[in-house]
Amino acid sequence: MEKIDHPDQKKSDNAANYWLSGITAGFLALGIFFVVNSKVNVVARLEIPQVDKKFLDNSPWRQTYADLVKSKEDLSDYDCYSCHDKVKPPLIRYDKNQKIIIPKEHANIEMSHGTHERNNLCYNCHNEQNLNTLQARDGNVVKFDNIPQLCGSCHGPAFRDWEAGAHGRTSGYWDRQLGDINRLSCANCHNPHAPRIPTRESAPGPHTYREATNYENTKSVH
Amino acid sequence: MSRRSFLRGCAAFGGVSALAASLAPLRELGDYTNTDQFLQKYYKELTSSDMTKVIARIESEVERQYGIRPHVRDLKPMDGVEFVYALNLTRCIGCRKCVHACVKENNQSRSPEIQYIRVLKMPHGSMDVEKGNHNYDSKQVPEKGFFYMPIQCQQCKNPPCVKVCPVNATWQEKDGITVIDYDWCIGCRYCEAACPYWARRFNFTKPQIPKDRINPDMSYLGNRPRKQGVMEKCHFCIQRTRVGKYPACLEACPVGARKFGNILDPNSEVSYILREKRVFIQLKEEMGTSPRFFYYFDK
């Protein structure tokens with residue numbers, strides 16, 4: 001078949017060519033723009049600070065007598081008979097409001113046990129006959145390194161939960177056949193003299209993706 | 001050169017450069033993806049010798065990227081074990097130590113930040129998690145009048161996320177942990193949308209972890225470093241719990257609010273708690289997800 005060169009056909013050919021070159025130029029420009037943009041306009045990411053190591057520290061809040069013995073620290077506070085008389089146990093003294101007077105030698109002790117300080121009497125826990133030991137409510141003498149036994153004599157439910165691993169903190173192995181469970185003592189969390197848990201500092205909250213990619217500060221790197 | 005071929009050349013050049021530009025994000029993927037990985041079989045079809053090779057590949061990738069030789073294991077569920085988590089809302093003080101212990105244990109991206117646990121601060125008397133605020137910025141916790149509710153993957157018995165995955169890259173194992181194969185995930189984020197607990201996280205960019213904060217004790221379905229474009233979430237610390245240890249968030253909790261164990265063992269802490277304590281909350285229970293994560297109030 002012979003090719004017909006119609007003038008109209010020529011016109012539309014031309015139009016198509018213009019369109020094509022237009023589109024080509026457009027793509028070319030876009031291509032260059034993308035490449036340049038991806039190199040030059042790097043979105044600056046705000047550096048999120050690493051969380052302070054103190055929030056990654058899993059050590060218990062308090063050290064008990066047993067911990068101090070293990071780490072060979074100063075135990076002079078526990079050497080009651082370096083100051084007290086073996087036969088004459090110290091008397092508990094009260095002020096006008098029937099509040100216990102804490103002598104300055106024991107100024108590190110803050111007493112506040114129970115609502116209305118119901119359990120502030122030293123000899124509710126300390127053994128009057130032998131200050132170097134404790135005495136549970138049932139009369140049993142308890143060593144300083146066996147505090148749960150003491151607390152448990154008045155706090156049955158908490159003690160039972162603790163024994164089952166439901167109160168207090170555990171670490172190590174949930175599977176006792178594969179390894180040991182480590183249970184913290186009551187005094188690792190509670191100060192026996194003021195057992196209410198004080199408030200703590202909270203670790204920083206989340207930084208969102210939007211915060212991390214700080215669009216306002218988009219920098220041009222040359 | 002004829003005008004036509006010039007135009008063609010231009011069109012071709014423009015097309016190629018546009019294509020190159022559009023593929024630019026792949027360069028970031030490049031340093032984690034190689035042909036071995038592309039050709040890797042589905043997790044459940046890998047033989048043990050396949051797995052040895054896969055693990056060797058992952059170990060050398062991690063070493064190349066972070067300069068530390070990890071110990072990667074493929075840990076299987078234990079027999080006669082079904083994990084349950086119990087969280088005591090009376091105890092939790094909202095200190096967020098669990099959040100950061102989790103990030104450290106599980107090699108989450110630090111920038112942008114990916115965290116599996118979200119701690120909600122809730123007004124007393126309300127159990128509506130939609131009212132919770134996880135951006136609280138309190139110097140001292142707990143604050144009066146509020147309680148705190150950490151939320152992470154609830155390891156549902158009936159997980160909606162698993163159902164929507166088009167490629168079966170996430171599934172529930174027999175110990176109850178819903179896992180993700182990061183090499184199989186295509187990043188469609190359907191699971192993220194399906195999860196009623198906002199538990200799943202997406203790697204929008206290449207994760208950034210400082211070399212000195214990498215945890216080298218890794219597992220395939222657990223805490224090995226992820227790449228850009230895949231989902232991740234809490235997996236009950238597979239690398240710890242499947243060798244008998246407690247999860248990292250539990251050990252970090254200073255008040256002992258977090259309890260974990262085998263519900264099939266009547267002597268475990270969680271069995272004791274579910275037996276002895278009274279009020280339990282399974283979040284959004286009405287959706288039929290049946291979470292293995294129990295919240296409870298003491299007393």
# chains A, B, ... in the order shown; residues from 1 in each chain; ligands from 1
call {"tool": "residues_around", "arguments": {"residues": "B:Asp181", "least_positions_apart": "6", "cutoff": "9 Å", "atoms": "only C-alpha atoms", "output": "ChimeraX atom specification"}}
result
/B:42-43,168-171,220-222
call {"tool": "closest_atom_pairs", "arguments": {"of": "chain B", "to": "chain A", "cutoff": "8 Å", "atoms": "only C-alpha atoms", "output": "tab-separated table"}}
result
residue	atom	partner	partner_atom	distance
B:Leu7	CA	A:Ser21	CA	6.6
B:Cys10	CA	A:Thr24	CA	6.5
B:Ala11	CA	A:Thr24	CA	5.0
B:Phe13	CA	A:Leu28	CA	7.2
B:Gly14	CA	A:Leu28	CA	4.1
B:Gly15	CA	A:Phe27	CA	6.7
B:Ser17	CA	A:Gly31	CA	5.1
B:Ala18	CA	A:Gly31	CA	4.2
B:Leu19	CA	A:Gly31	CA	7.9
B:Ala21	CA	A:Val35	CA	5.5
B:Ser22	CA	A:Phe34	CA	7.9
B:Ala24	CA	A:Ser38	CA	8.0
B:Gly94	CA	A:Ser202	CA	7.1
B:Cys95	CA	A:Ser202	CA	4.3
B:Arg96	CA	A:Ala203	CA	5.5
B:Lys97	CA	A:Phe55	CA	6.0
B:His100	CA	A:Leu56	CA	6.7
B:Ala101	CA	A:Leu56	CA	6.0
B:Arg110	CA	A:Ile48	CA	7.2
B:Ser111	CA	A:Ile48	CA	5.9
B:Pro112	CA	A:Tyr209	CA	5.8
B:Glu113	CA	A:His207	CA	6.4
B:Gln115	CA	A:Pro206	CA	7.8
B:His134	CA	A:Gly205	CA	7.3
B:Asn135	CA	A:Gly205	CA	5.6
B:Tyr136	CA	A:Gly205	CA	6.8
B:Asp137	CA	A:Gly205	CA	6.7
B:Ser138	CA	A:Ser202	CA	6.7
B:Lys139	CA	A:Glu201	CA	5.6
B:Gln140	CA	A:Glu201	CA	4.6
B:Val141	CA	A:Arg200	CA	5.3
B:Pro142	CA	A:Thr199	CA	6.0
B:Thr241	CA	A:Trp174	CA	8.0
B:Val243	CA	A:Leu178	CA	7.6
B:Gly244	CA	A:Asp175	CA	4.8
B:Lys245	CA	A:Tyr173	CA	4.1
B:Tyr246	CA	A:Trp174	CA	5.7
B:Leu250	CA	A:Ser171	CA	7.8
B:Glu251	CA	A:Ser171	CA	5.4
B:Ala252	CA	A:Asn58	CA	5.4
B:Cys253	CA	A:Arg169	CA	7.6
B:Pro254	CA	A:Pro60	CA	7.0
B:Val255	CA	A:Gly168	CA	6.4
B:Gly256	CA	A:Arg169	CA	4.4
B:Ala257	CA	A:Gly168	CA	7.8
B:Lys259	CA	A:Ala166	CA	7.0
B:Phe260	CA	A:Trp174	CA	7.5
B:Gly261	CA	A:Trp174	CA	6.0
B:Asn262	CA	A:Trp174	CA	8.0
B:Ser268	CA	A:Trp174	CA	7.8
B:Glu269	CA	A:Gly165	CA	5.6
B:Val270	CA	A:Ala166	CA	7.9
B:Tyr272	CA	A:Ala164	CA	7.0
B:Ile273	CA	A:Ala166	CA	6.7
call {"tool": "closest_residue", "arguments": {"among": "B:Phe6, B:Tyr182, B:Phe202, B:Tyr85", "to": "B:Tyr296", "atoms": "only C-alpha atoms"}}
result
B:Tyr85
call {"tool": "residues_around", "arguments": {"residues": "stretch 51-68 of chain B", "least_positions_apart": "2", "cutoff": "10 Å", "atoms": "only C-alpha atoms", "output": "count of residues only"}}
result
32
call {"tool": "atom_distance", "arguments": {"atom1": "atom CA of B:Cys185", "atom2": "atom CA of B:Lys157"}}
result
21.2 Å
call {"tool": "atom_distance", "arguments": {"atom1": "atom CA of B:Ile93", "atom2": "atom CA of B:Ala248"}}
result
17.4 Å
call {"tool": "atom_distance", "arguments": {"atom1": "atom CA of B:Lys227", "atom2": "atom CA of B:Trp184"}}
result
11.5 Å
call {"tool": "residues_around", "arguments": {"residues": "stretch 112-116 of chain A", "least_positions_apart": "3", "cutoff": "8 Å", "atoms": "only C-alpha atoms", "output": "list in words"}}
result
Asn119, Asn120, Pro192, His193, Ala194, Pro195 and Arg196 of chain A
call {"tool": "select_by_dssp", "arguments": {"residues": "stretch 2-221 of chain A", "states": "strand (DSSP E)", "output": "JSON, numbers by chain"}}
result
{"A": [134, 135, 141, 142, 170, 171, 172, 181, 182, 183, 200, 201]}
call {"tool": "residues_around", "arguments": {"residues": "A:Tyr123", "least_positions_apart": "4", "cutoff": "8 Å", "atoms": "only C-alpha atoms", "output": "list of chain:residue names"}}
result
A:Asn127, A:Glu128, A:Gln135
call {"tool": "write_last_selection", "arguments": {"atoms": "N, CA, C and O atoms", "output": "mmCIF file, in the first residue's frame"}}
result
data_model
loop_
_atom_site.group_PDB
_atom_site.id
_atom_site.type_symbol
_atom_site.label_atom_id
_atom_site.label_comp_id
_atom_site.auth_asym_id
_atom_site.auth_seq_id
_atom_site.Cartn_x
_atom_site.Cartn_y
_atom_site.Cartn_z
ATOM 1 N N ASN A 127 15.481 -6.962 118.935
ATOM 2 C CA ASN A 127 15.434 -7.838 120.092
ATOM 3 C C ASN A 127 16.066 -7.141 121.295
ATOM 4 O O ASN A 127 17.272 -6.888 121.307
ATOM 5 N N GLU A 128 15.263 -6.854 122.273
ATOM 6 C CA GLU A 128 15.735 -6.116 123.443
ATOM 7 C C GLU A 128 16.833 -6.892 124.178
ATOM 8 O O GLU A 128 17.758 -6.294 124.722
ATOM 9 N N GLN A 135 13.584 -9.487 116.394
ATOM 10 C CA GLN A 135 12.617 -10.392 117.015
ATOM 11 C C GLN A 135 11.272 -10.251 116.304
ATOM 12 O O GLN A 135 10.715 -9.159 116.217
#
call {"tool": "residues_around", "arguments": {"residues": "stretch 149-155 of chain A", "least_positions_apart": "4", "cutoff": "8 Å", "atoms": "only C-alpha atoms", "output": "PyMOL selection string"}}
result
chain A and resi 125+134-138+142+159-160+186
